[in-house]
$ cat my_file_27.txt   # compact mmCIF, C-alpha atoms
# COMPACT_ATOMS: atom_id res chain seq x y z
CA MET W 191 56.44 184.40 123.50
CA ARG W 192 59.28 182.96 125.47
CA ARG W 193 56.86 181.31 127.90
CA CYS W 194 54.92 179.86 125.05
CA ALA W 195 58.02 178.52 123.47
CA PHE W 196 59.01 177.10 126.80
CA LEU W 197 55.63 175.47 127.19
CA VAL W 198 55.67 174.12 123.70
CA GLY W 199 59.14 172.78 124.24
CA LEU W 200 58.07 171.30 127.53
CA LEU W 201 55.15 169.54 125.95
CA PHE W 202 57.40 168.14 123.27
CA VAL W 203 59.77 166.71 125.81
CA CYS W 204 57.01 165.16 127.83
CA TRP W 205 55.23 163.46 124.97
CA ALA W 206 58.11 162.20 122.74
CA PRO W 207 58.11 158.27 122.55
CA ALA W 208 61.01 156.33 124.14
CA ALA W 209 63.88 155.24 121.74
CA SER W 210 63.68 151.55 120.51
CA ALA W 211 66.31 149.03 121.79
CA THR W 212 67.27 145.95 119.68
CA PRO W 213 67.17 142.70 121.73
CA THR W 214 70.48 141.13 122.68
CA ILE W 215 70.73 137.38 121.89
CA THR W 216 73.40 134.75 122.34
CA VAL W 217 73.11 131.15 121.14
CA GLN W 218 74.93 127.88 121.79
CA ALA W 219 74.69 124.23 120.68
CA SER W 220 75.44 121.31 122.95
CA PRO W 221 77.17 119.38 121.50
CA ALA W 222 78.24 121.43 118.48
CA SER W 223 79.70 118.37 116.71
CA GLY W 224 79.65 114.60 117.01
CA GLN W 225 78.66 111.39 115.35
CA ALA W 226 75.56 111.29 113.19
CA PRO W 227 72.73 111.01 114.01
CA LEU W 228 73.52 113.77 116.50
CA ASP W 229 71.06 114.92 119.19
CA VAL W 230 71.69 118.61 119.88
CA THR W 231 70.23 121.03 122.42
CA LEU W 232 70.07 124.57 121.00
CA THR W 233 69.77 127.34 123.61
CA ALA W 234 69.16 131.05 123.05
CA THR W 235 69.53 133.61 125.87
CA GLY W 236 68.89 137.35 125.92
CA ASP W 237 66.19 139.96 126.50
CA ALA W 238 63.87 138.85 123.67
CA VAL W 239 60.36 137.73 124.60
CA SER W 240 60.06 135.08 121.84
CA PHE W 241 62.41 132.92 119.81
CA HIS W 242 61.99 131.31 116.40
CA TRP W 243 64.52 128.78 115.06
CA GLU W 244 65.48 127.87 111.51
CA LEU W 245 67.38 124.65 112.18
CA GLY W 246 69.40 124.49 108.95
CA ASP W 247 67.96 121.26 107.60
CA GLY W 248 64.64 122.69 106.43
CA THR W 249 62.85 122.40 109.77
CA THR W 250 61.84 125.11 112.29
CA ALA W 251 61.06 125.33 116.00
CA ASP W 252 60.08 127.89 118.64
CA GLY W 253 61.26 128.60 122.15
CA PRO W 254 64.44 129.60 123.92
CA SER W 255 65.64 125.98 124.07
CA VAL W 256 64.95 123.25 121.52
CA GLN W 257 66.23 119.74 120.93
CA HIS W 258 66.85 118.42 117.44
CA ARG W 259 68.41 115.35 115.79
CA TYR W 260 70.76 116.03 112.88
CA GLU W 261 71.69 113.48 110.25
CA LYS W 262 75.10 113.50 108.51
CA GLY W 263 76.11 116.99 107.40
CA ARG W 264 77.12 120.49 108.43
CA TYR W 265 74.27 122.84 109.37
CA THR W 266 73.79 126.47 110.45
CA ALA W 267 71.01 126.92 113.03
CA THR W 268 69.69 130.50 113.20
CA VAL W 269 67.45 131.95 115.93
CA THR W 270 65.40 135.14 115.57
CA GLY W 271 64.56 136.88 118.85
CA THR W 272 61.68 139.36 119.05
CA GLY W 273 61.59 142.09 121.74
CA ALA W 274 58.53 143.40 123.55
CA ASP W 275 58.32 146.32 121.17
CA GLY W 276 58.50 144.08 118.06
CA THR W 277 62.15 144.67 117.19
CA THR W 278 64.19 141.56 116.21
CA ALA W 279 67.73 140.24 116.35
CA ARG W 280 69.37 137.11 114.91
CA ALA W 281 72.16 134.81 116.00
CA SER W 282 73.59 131.60 114.49
CA VAL W 283 75.58 128.54 115.47
CA THR W 284 77.14 125.79 113.34
CA VAL W 285 76.37 122.12 114.04
CA THR W 286 78.33 119.27 112.40
CA ALA W 287 77.13 115.67 112.41
CA PHE W 288 80.00 113.45 111.24
CA GLU W 289 79.82 110.08 109.53
CA LEU W 290 83.04 108.07 109.65
CA ARG W 291 83.36 104.98 107.45
CA LEU W 292 86.19 102.43 107.42
CA THR W 293 86.97 99.55 105.03
CA GLY W 294 89.67 96.93 105.33
CA PRO W 295 90.50 93.31 104.58
CA ARG W 296 88.70 90.45 106.29
CA ALA W 297 92.02 88.64 106.51
CA ALA W 298 95.60 89.88 106.53
CA THR W 299 99.03 88.26 106.66
CA TYR W 300 101.29 88.54 109.67
CA GLY W 301 103.83 91.33 109.24
CA ARG W 302 102.74 92.15 105.70
CA ARG W 303 101.60 95.68 104.88
CA THR W 304 97.83 95.97 104.92
CA THR W 305 95.71 98.96 103.90
CA PHE W 306 92.64 100.32 105.63
CA LYS W 307 90.75 103.14 103.91
CA GLY W 308 87.92 105.41 104.92
CA ARG W 309 86.16 108.73 104.63
CA LEU W 310 85.00 111.46 106.97
CA ARG W 311 81.78 113.24 105.95
CA PRO W 312 81.20 116.11 105.74
CA ALA W 313 84.74 116.54 104.45
CA THR W 314 87.10 118.27 106.86
CA PRO W 315 90.52 118.66 105.18
CA GLY W 316 93.43 118.06 107.53
CA ALA W 317 91.32 116.41 110.24
CA LEU W 318 93.31 113.97 112.40
CA VAL W 319 91.76 110.50 112.18
CA SER W 320 93.14 107.64 114.26
CA LEU W 321 93.03 103.90 113.67
CA TYR W 322 92.40 101.72 116.70
CA ALA W 323 92.89 97.98 117.20
CA GLY W 324 90.37 97.34 119.93
CA GLU W 325 91.08 100.15 122.37
CA ALA W 326 94.75 100.53 121.40
CA PRO W 327 95.67 103.40 119.05
CA VAL W 328 97.67 102.23 116.03
CA ARG W 329 98.24 105.20 113.74
CA THR W 330 96.98 108.73 113.05
CA VAL W 331 96.72 110.37 109.62
CA LYS W 332 95.21 113.52 108.11
CA THR W 333 92.23 113.56 105.79
CA ASP W 334 92.56 114.96 102.27
CA ARG W 335 90.38 117.72 100.82
CA LYS W 336 87.59 115.20 100.16
CA GLY W 337 87.74 113.77 103.66
CA ARG W 338 89.46 110.55 102.59
CA PHE W 339 92.14 108.83 104.63
CA ARG W 340 94.32 105.73 104.39
CA PHE W 341 96.24 103.67 106.94
CA ARG W 342 99.06 101.26 106.08
CA VAL W 343 99.84 98.90 108.93
CA ARG W 344 101.57 95.58 109.51
CA PRO W 345 99.24 93.49 111.71
CA ARG W 346 100.83 91.23 114.31
CA SER W 347 97.63 89.78 115.79
CA PRO W 348 93.95 89.42 114.85
CA ALA W 349 91.99 92.53 115.83
CA ILE W 350 88.79 94.52 115.47
CA PHE W 351 89.74 97.84 113.88
CA SER W 352 87.89 101.16 113.98
CA ALA W 353 88.62 104.77 113.05
CA ARG W 354 87.98 107.73 115.36
CA PHE W 355 87.75 111.47 114.96
CA GLU W 356 86.90 113.50 118.04
CA SER W 357 83.75 111.80 119.37
CA ALA W 358 82.88 110.12 116.07
CA VAL W 359 83.62 106.40 115.77
CA SER W 360 83.47 104.40 112.53
CA ASN W 361 82.03 100.99 111.88
CA SER W 362 84.14 98.05 113.06
CA VAL W 363 86.29 95.96 110.71
CA SER W 364 87.17 92.51 112.02
CA THR W 365 90.44 91.31 110.47
CA ALA W 366 91.62 87.75 110.94
CA LEU W 367 95.30 86.91 110.52
CA ARG W 368 97.17 84.37 108.45
CA PRO W 369 100.67 83.43 109.56
CA GLY W 370 103.52 84.71 107.41
CA LEU W 371 104.94 81.99 105.16
CA ASP W 372 108.37 82.43 103.60
CA VAL W 373 109.29 80.00 100.82
CA ALA W 374 112.64 79.90 99.05
CA LEU W 375 113.03 77.61 96.05
CA PRO W 376 115.04 78.26 92.86
CA ARG W 377 112.91 78.39 89.73
CA SER W 378 115.20 75.87 88.06
CA THR W 379 118.58 74.18 88.27
CA MET W 380 120.74 71.90 86.15
CA ILE W 381 120.96 68.14 86.56
CA GLY W 382 123.37 67.27 89.34
CA HIS W 383 123.14 70.66 91.08
CA ARG W 384 121.62 71.10 94.52
CA LEU W 385 117.91 71.96 94.70
CA ARG W 386 116.75 72.87 98.19
CA LEU W 387 113.38 74.07 99.44
CA ARG W 388 113.19 76.22 102.56
CA ALA W 389 109.91 77.18 104.22
CA GLY W 390 109.25 78.99 107.49
CA LEU W 391 106.35 80.44 109.47
CA ARG W 392 106.16 83.88 111.06
CA PRO W 393 105.70 83.88 114.01
CA ARG W 394 107.27 80.49 114.46
CA GLY W 395 104.59 79.23 116.84
CA ALA W 396 101.75 80.05 114.44
CA GLY W 397 101.30 76.41 113.38
CA THR W 398 102.91 73.44 111.63
CA LEU W 399 103.83 72.75 108.00
CA ARG W 400 102.88 69.86 105.76
CA LEU W 401 104.52 69.43 102.34
CA HIS W 402 103.00 67.51 99.41
CA ILE W 403 105.50 66.95 96.57
CA TRP W 404 104.92 65.92 92.95
CA ARG W 405 107.78 65.08 90.58
CA SER W 406 106.84 65.14 86.87
CA GLY W 407 103.21 64.50 87.86
CA ARG W 408 103.94 61.63 90.27
CA LYS W 409 103.00 62.15 93.93
CA LEU W 410 105.80 61.52 96.41
CA ARG W 411 105.50 60.94 100.15
CA SER W 412 104.08 63.88 102.13
CA ARG W 413 106.10 65.23 105.04
CA SER W 414 105.26 67.21 108.18
CA PHE W 415 107.40 69.81 109.99
CA GLY W 416 107.15 72.32 112.80
CA GLY W 417 107.53 76.01 112.05
CA ARG W 418 110.54 75.44 109.72
CA ALA W 419 111.13 73.02 106.83
CA VAL W 420 114.20 72.23 104.73
CA VAL W 421 113.91 69.63 101.95
CA LEU W 422 116.53 68.52 99.40
CA LEU W 423 114.96 67.57 96.06
CA SER W 424 116.57 65.02 93.76
CA THR W 425 118.31 66.38 90.66
CA ALA W 426 119.45 63.06 89.24
CA ARG W 427 117.32 63.51 86.11
CA ALA W 428 115.28 66.16 84.35
CA ALA W 429 111.99 66.76 86.10
CA ASP W 430 109.31 69.29 87.04
CA TYR W 431 108.55 69.66 90.74
CA MET W 432 105.37 71.00 92.29
CA ILE W 433 105.32 71.44 96.05
CA ARG W 434 102.13 72.34 97.91
CA ILE W 435 102.82 73.78 101.36
CA GLU W 436 99.95 73.68 103.85
CA VAL W 437 99.84 75.44 107.20
CA LYS W 438 97.90 73.85 110.04
CA PRO W 439 97.40 76.89 112.29
CA SER W 440 97.43 77.20 116.04
CA GLY W 441 95.66 79.72 118.28
CA ALA W 442 93.75 82.46 116.47
CA PHE W 443 95.65 82.18 113.18
CA LEU W 444 94.00 81.09 109.93
CA ALA W 445 95.01 78.13 107.78
CA ARG W 446 96.77 78.88 104.50
CA ARG W 447 98.51 77.15 101.63
CA THR W 448 100.78 78.01 98.75
CA THR W 449 102.36 76.21 95.81
CA ALA W 450 105.95 76.36 94.59
CA HIS W 451 107.43 75.07 91.31
CA ALA W 452 110.94 74.13 90.24
CA SER W 453 112.53 72.41 87.25
CA VAL W 454 115.62 70.26 86.76
CA TYR W 455 116.99 70.46 83.23
CA LEU W 456 119.81 69.36 80.96
CA PRO W 457 122.37 72.18 80.67
CA TYR W 458 122.93 71.77 76.92
CA LEU W 459 120.09 71.76 74.36
CA SER W 460 120.04 72.43 70.61
CA LEU W 461 118.06 71.81 67.45
CA GLY W 462 116.81 68.20 67.54
CA SER W 463 116.91 67.76 71.34
CA HIS W 464 113.84 66.32 72.99
CA GLY W 465 112.51 65.49 76.44
CA PRO W 466 111.27 67.32 79.55
CA SER W 467 114.16 69.80 79.50
CA VAL W 468 112.91 71.16 76.18
CA ARG W 469 109.45 71.63 77.66
CA ILE W 470 110.96 73.53 80.60
CA LEU W 471 112.89 75.75 78.17
CA GLU W 472 109.88 76.45 75.94
CA ARG W 473 107.56 77.15 78.86
CA ARG W 474 109.92 79.79 80.20
CA LEU W 475 110.41 81.38 76.76
CA ALA W 476 106.64 81.52 76.29
CA GLU W 477 106.25 83.25 79.69
CA LEU W 478 108.65 85.92 78.43
CA ARG W 479 106.61 86.38 75.18
CA TYR W 480 109.13 84.79 72.78
CA THR W 481 107.06 83.35 69.95
CA LEU W 482 106.66 79.56 69.65
CA ARG W 483 104.26 77.23 67.88
CA GLY W 484 103.51 75.71 71.27
CA VAL W 485 105.10 74.15 74.34
CA ASP W 486 106.12 70.53 73.82
CA THR W 487 109.17 68.31 74.28
CA TYR W 488 110.83 68.76 70.88
CA TYR W 489 113.49 71.37 70.04
CA ALA W 490 112.28 72.27 66.56
CA HIS W 491 112.88 75.32 64.38
CA ASP W 492 110.38 77.44 66.32
CA THR W 493 112.34 76.73 69.51
CA TYR W 494 115.55 77.66 67.71
CA ASP W 495 114.02 80.95 66.52
CA ALA W 496 112.79 81.82 70.03
CA VAL W 497 116.20 81.04 71.54
CA VAL W 498 117.92 83.25 68.95
CA ALA W 499 115.45 86.08 69.65
CA PHE W 500 116.21 85.81 73.38
CA GLN W 501 119.94 85.87 72.72
CA LYS W 502 119.55 88.96 70.53
CA VAL W 503 117.53 90.86 73.13
CA HIS W 504 120.07 90.09 75.85
CA GLY W 505 123.23 90.68 73.83
CA MET W 506 124.36 87.05 73.93
CA PRO W 507 126.07 85.04 71.17
CA ARG W 508 123.38 84.18 68.58
CA THR W 509 123.94 80.41 68.50
CA GLY W 510 120.37 79.14 68.83
CA ARG W 511 121.61 76.72 71.51
CA ALA W 512 121.01 76.60 75.27
CA ASN W 513 124.03 76.30 77.57
CA PRO W 514 124.56 77.04 81.30
CA ALA W 515 125.09 80.77 80.65
CA PHE W 516 121.86 80.88 78.65
CA TRP W 517 119.90 79.14 81.44
CA ARG W 518 121.24 81.54 84.06
CA ARG W 519 120.16 84.55 82.00
CA LEU W 520 116.80 82.95 81.24
CA ARG W 521 116.08 82.32 84.91
CA GLY W 522 116.29 86.01 85.87
CA ALA W 523 114.90 87.57 82.67
CA HIS W 524 111.82 89.77 82.29
CA VAL W 525 109.46 90.49 79.41
CA PRO W 526 111.19 93.07 77.14
CA ARG W 527 109.91 96.65 77.23
CA PRO W 528 108.83 98.41 74.05
CA ARG W 529 110.18 101.81 73.05
CA TYR W 530 106.67 103.14 72.27
CA ARG W 531 103.79 102.60 74.68
CA GLY W 532 100.64 103.62 72.85
CA GLY W 533 98.02 101.21 71.51
CA HIS W 534 98.68 98.24 69.24
CA HIS W 535 101.68 98.48 66.93
CA LEU W 536 104.84 96.79 65.63
CA GLU W 537 108.41 97.77 66.45
CA VAL W 538 111.46 96.65 64.46
CA ASP W 539 114.71 97.06 66.38
CA LYS W 540 117.47 96.98 63.76
CA SER W 541 120.28 97.01 66.32
CA ARG W 542 119.03 93.82 67.96
CA GLN W 543 117.33 92.34 64.88
CA VAL W 544 114.03 91.59 66.61
CA LEU W 545 110.40 92.55 66.08
CA PHE W 546 108.09 93.42 68.99
CA GLU W 547 104.35 93.23 68.67
CA VAL W 548 102.98 95.62 71.27
CA ASP W 549 99.47 95.84 72.66
CA GLY W 550 98.35 98.20 75.42
CA GLY W 551 101.92 99.27 76.13
CA ARG W 552 103.19 95.72 76.65
CA VAL W 553 105.14 93.38 74.42
CA VAL W 554 102.95 90.42 73.52
CA ARG W 555 105.21 88.80 70.91
CA VAL W 556 108.98 88.81 70.28
CA VAL W 557 110.10 87.58 66.84
CA HIS W 558 113.56 86.86 65.42
CA VAL W 559 114.00 88.90 62.18
CA SER W 560 116.60 89.93 59.63
CA THR W 561 116.62 93.44 58.11
CA GLY W 562 118.51 95.01 55.18
CA ALA W 563 122.07 93.79 54.69
CA THR W 564 123.23 97.29 53.77
CA GLY W 565 121.29 98.97 56.56
CA ASN W 566 118.74 100.29 54.07
CA THR W 567 115.60 99.26 55.96
CA PRO W 568 114.05 102.73 56.38
CA LEU W 569 113.96 104.24 59.86
CA GLY W 570 110.83 106.05 60.99
CA ARG W 571 107.15 105.67 61.67
CA TRP W 572 105.18 103.94 58.93
CA HIS W 573 101.80 102.36 58.37
CA VAL W 574 100.77 99.09 56.71
CA TYR W 575 99.19 100.14 53.43
CA SER W 576 98.98 96.79 51.62
CA LYS W 577 98.69 93.12 52.58
CA VAL W 578 98.88 90.05 50.37
CA VAL W 579 97.61 86.63 51.39
CA GLY W 580 100.14 83.90 50.63
CA TRP W 581 102.90 84.58 48.10
CA SER W 582 103.72 87.93 46.54
CA TRP W 583 106.65 87.06 44.27
CA VAL W 584 109.10 85.58 46.84
CA LEU W 585 107.51 87.23 49.85
CA TRP W 586 105.28 85.12 52.11
CA TYR W 587 102.26 86.93 53.62
CA PRO W 588 103.83 90.39 53.18
CA MET W 589 102.64 93.53 54.94
CA TYR W 590 103.92 96.56 52.98
CA PHE W 591 104.65 99.69 55.01
CA LEU W 592 106.67 101.87 52.54
CA ARG W 593 106.94 101.45 48.75
CA GLY W 594 108.34 97.91 48.29
CA PHE W 595 109.44 97.49 51.91
CA ALA W 596 107.48 94.88 53.81
CA ILE W 597 107.41 92.62 56.84
CA HIS W 598 107.17 89.10 55.41
CA GLY W 599 108.03 85.46 55.83
CA TYR W 600 111.16 84.10 54.13
CA PRO W 601 112.87 80.68 54.08
CA SER W 602 116.20 82.11 55.28
CA VAL W 603 116.30 84.31 58.39
CA PRO W 604 119.91 84.42 59.62
CA PRO W 605 120.71 86.05 62.98
CA TYR W 606 122.19 89.12 61.23
CA PRO W 607 121.01 91.68 58.60
CA ALA W 608 120.75 89.85 55.25
CA SER W 609 117.67 91.05 53.33
CA HIS W 610 117.40 93.47 50.41
CA GLY W 611 115.72 95.95 52.77
CA CYS W 612 112.57 94.20 53.94
CA VAL W 613 112.03 92.75 57.41
CA ARG W 614 112.29 88.97 57.13
CA THR W 615 110.49 86.74 59.63
CA PRO W 616 110.46 82.92 59.89
CA MET W 617 107.95 81.37 57.49
CA TRP W 618 105.91 79.73 60.25
CA ILE W 619 105.17 82.99 62.11
CA ALA W 620 104.35 85.19 59.08
CA PRO W 621 100.63 84.17 58.79
CA THR W 622 100.11 84.84 62.51
CA LEU W 623 101.61 88.32 62.29
CA PHE W 624 99.57 88.94 59.13
CA ALA W 625 96.33 88.00 60.90
CA SER W 626 96.95 90.06 64.05
CA ASN W 627 97.86 93.32 62.28
CA SER W 628 95.36 95.16 60.12
CA TYR W 629 95.59 97.80 57.39
CA GLY W 630 96.88 101.06 58.79
CA GLU W 631 98.82 99.38 61.59
CA THR W 632 101.69 101.54 62.85
CA VAL W 633 105.21 100.20 62.25
CA TYR W 634 108.16 101.80 64.04
CA VAL W 635 111.62 101.06 62.68
CA TYR W 636 114.58 102.21 64.74

$ encode --input "my_file_27.txt" --output "structure tokens"
Amino acid sequence: MRRCAFLVGLLFVCWAPAASATPTITVQASPASGQAPLDVTLTATGDAVSFHWELGDGTTADGPSVQHRYEKGRYTATVTGTGADGTTARASVTVTAFELRLTGPRAATYGRRTTFKGRLRPATPGALVSLYAGEAPVRTVKTDRKGRFRFRVRPRSPAIFSARFESAVSNSVSTALRPGLDVALPRSTMIGHRLRLRAGLRPRGAGTLRLHIWRSGRKLRSRSFGGRAVVLLSTARAADYMIRIEVKPSGAFLARRTTAHASVYLPYLSLGSHGPSVRILERRLAELRYTLRGVDTYYAHDTYDAVVAFQKVHGMPRTGRANPAFWRRLRGAHVPRPRYRGGHHLEVDKSRQVLFEVDGGRVVRVVHVSTGATGNTPLGRWHVYSKVVGWSWVLWYPMYFLRGFAIHGYPSVPPYPASHGCVRTPMWIAPTLFASNSYGETVYVY
């Protein structure tokens, strides 16, 4: 029995099949990344007898070494190796084909900040992308999570720009260069005061200057200069100046031109004044959104109302007259800012006695008003619930926003609170306000 068991055991040992061994495979891509379209050689090594590739873009191939062209994107190529006994093993490698795009201006200005933007695809957050001018590196930035990047540079010479990331190179952007042109000219000055124009090129050798000057619509003699120009303009009488400055470039710079304006005005104006100084005054008030019938040469009641509104907004004496202090404040003023930004609405500022019509977060009309003499014009947020065309008792084109309180035209609108509680506006502006504000319009009183 022992011998039999030995023989049986011996037979078992002799005839048992050999244990299976899984193939060993390694894989590499050359190159593993680069600019799309990217030609890649995929190589698998190991003890498998056959190789089948799934290339990651929907295509397949067979063999230990294959070549494939990848378009823009990130792909995983997987090879399956089969051993002589039919067992299999898999290995993968990642291939990235980058597309790098760059946009920028066709022309820039010498020394002025210019923006170039671009995108790296597929997105690689934090990738270091460099901007080149020709073959010279300019600046390096990181991409955001979507692969976007932005360069802000100050060009000093014309150049062909490109962006680079590893071996990927973007399209070229050819940017020409205009010379820098600095112009200094006061917006306005009083009769008898100095009015001087200064103009200069950067760099100085970028070209020459030619000045064409008009005074109150009449063309004066043109003048030529090198890289710098200084011109004294006559202030003997009220006038509007327009100066066109042309640059005749040298070398690789582009031509350019710009226009400057200045006004010479009478320092003192009041109701009844007329002439070009009034037009200069009204034009500036209209730029700042103070309401007028129009811009002309006559200082009428609408001009008076606009001047008073300006004086109220800026905390000046409410005289309705222009003097040197008024002109100085007018020259540096900005359009007033509303308290409330949203949509279209009206704001009544009781402390300054003005009304703002606001649209899209910006003041589009400033109106001189007079509120309740006893301070009884109600504070708060209201809505126009009734409108009357023409007269409603003694109210002209009223817009009611609470009980008997209304915004309306009235013959007397002094520069201080004087009404019974309503918001008085000049008679001439009431129909315009009426037409531009509908039922339900929001009215803020503060």

$ residues_around --input "my_file_27.txt" --residues "range 364-369 of chain W" --least-positions-apart "4" --cutoff "6 Å" --atoms "all atoms listed in the file" --output "list in words"
Arg296, Ala297, Ala298, Thr299, Tyr300, Pro348, Ala349, Ile350, Arg392, Phe443 and Leu444 of chain W

$ atom_distance --input "my_file_27.txt" --atom1 "CA of Thr277 in chain W" --atom2 "CA of Ala251 in chain W"
19.4 Å

$ closest_atom_pairs --input "my_file_27.txt" --of "range 234-295 of chain W" --to "range 319-333 of chain W" --cutoff "12 Å" --atoms "all atoms listed in the file" --output "Markdown table"
| residue | atom | partner | partner_atom | distance |
| --- | --- | --- | --- | --- |
| W:Leu290 | CA | W:Val319 | CA | 9.4 |
| W:Arg291 | CA | W:Val319 | CA | 11.1 |
| W:Leu292 | CA | W:Leu321 | CA | 9.4 |
| W:Thr293 | CA | W:Leu321 | CA | 11.4 |
| W:Gly294 | CA | W:Leu321 | CA | 11.4 |

$ atom_distance --input "my_file_27.txt" --atom1 "CA of Trp572 in chain W" --atom2 "CA of Ser602 in chain W"
24.7 Å

$ atom_distance --input "my_file_27.txt" --atom1 "CA of His504 in chain W" --atom2 "CA of Pro457 in chain W"
18.7 Å

$ residues_around --input "my_file_27.txt" --residues "His383 in chain W" --least-positions-apart "2" --cutoff "12 Å" --atoms "all atoms listed in the file" --output "list in words"
Pro376, Ser378, Thr379, Met380, Ile381, Leu385, Arg386, Leu422, Leu423, Ser424, Thr425, Ala426, Arg427, Ala428, Ser453, Val454, Tyr455, Leu456, Pro457 and Pro514 of chain W

$ residues_around --input "my_file_27.txt" --residues "Thr448 in chain W" --least-positions-apart "3" --cutoff "8 Å" --atoms "all atoms listed in the file" --output "ChimeraX atom specification"
/W:434-436

$ closest_residue --input "my_file_27.txt" --among "W:Ser541, W:Thr249, W:Thr398, W:Asn566" --to "Pro439 in chain W" --atoms "all atoms listed in the file"
W:Thr398

$ closest_residue --input "my_file_27.txt" --among "W:Ile433, W:Leu471, W:Val613, W:Val256" --to "Lys540 in chain W" --atoms "all atoms listed in the file"
W:Val613

$ closest_residue --input "my_file_27.txt" --among "W:Ser240, W:Thr233, W:Asn627, W:Thr214" --to "Ala267 in chain W" --atoms "only C-alpha atoms"
W:Thr233

$ closest_residue --input "my_file_27.txt" --among "W:Ala374, W:Leu475, W:Val525, W:Ala313" --to "Ala452 in chain W" --atoms "only C-alpha atoms"
W:Ala374

$ closest_residue --input "my_file_27.txt" --among "W:Arg447, W:Arg479, W:Arg614, W:Arg474" --to "Ala563 in chain W" --atoms "only C-alpha atoms"
W:Arg614

$ residues_around --input "my_file_27.txt" --residues "Trp618 in chain W" --least-positions-apart "5" --cutoff "9 Å" --atoms "all atoms listed in the file" --output "number ranges by chain"
W: 483, 492, 599

$ residues_around --input "my_file_27.txt" --residues "Gly565 in chain W" --least-positions-apart "5" --cutoff "12 Å" --atoms "all atoms listed in the file" --output "number ranges by chain"
W: 539-541, 543, 560, 606-613, 635-636
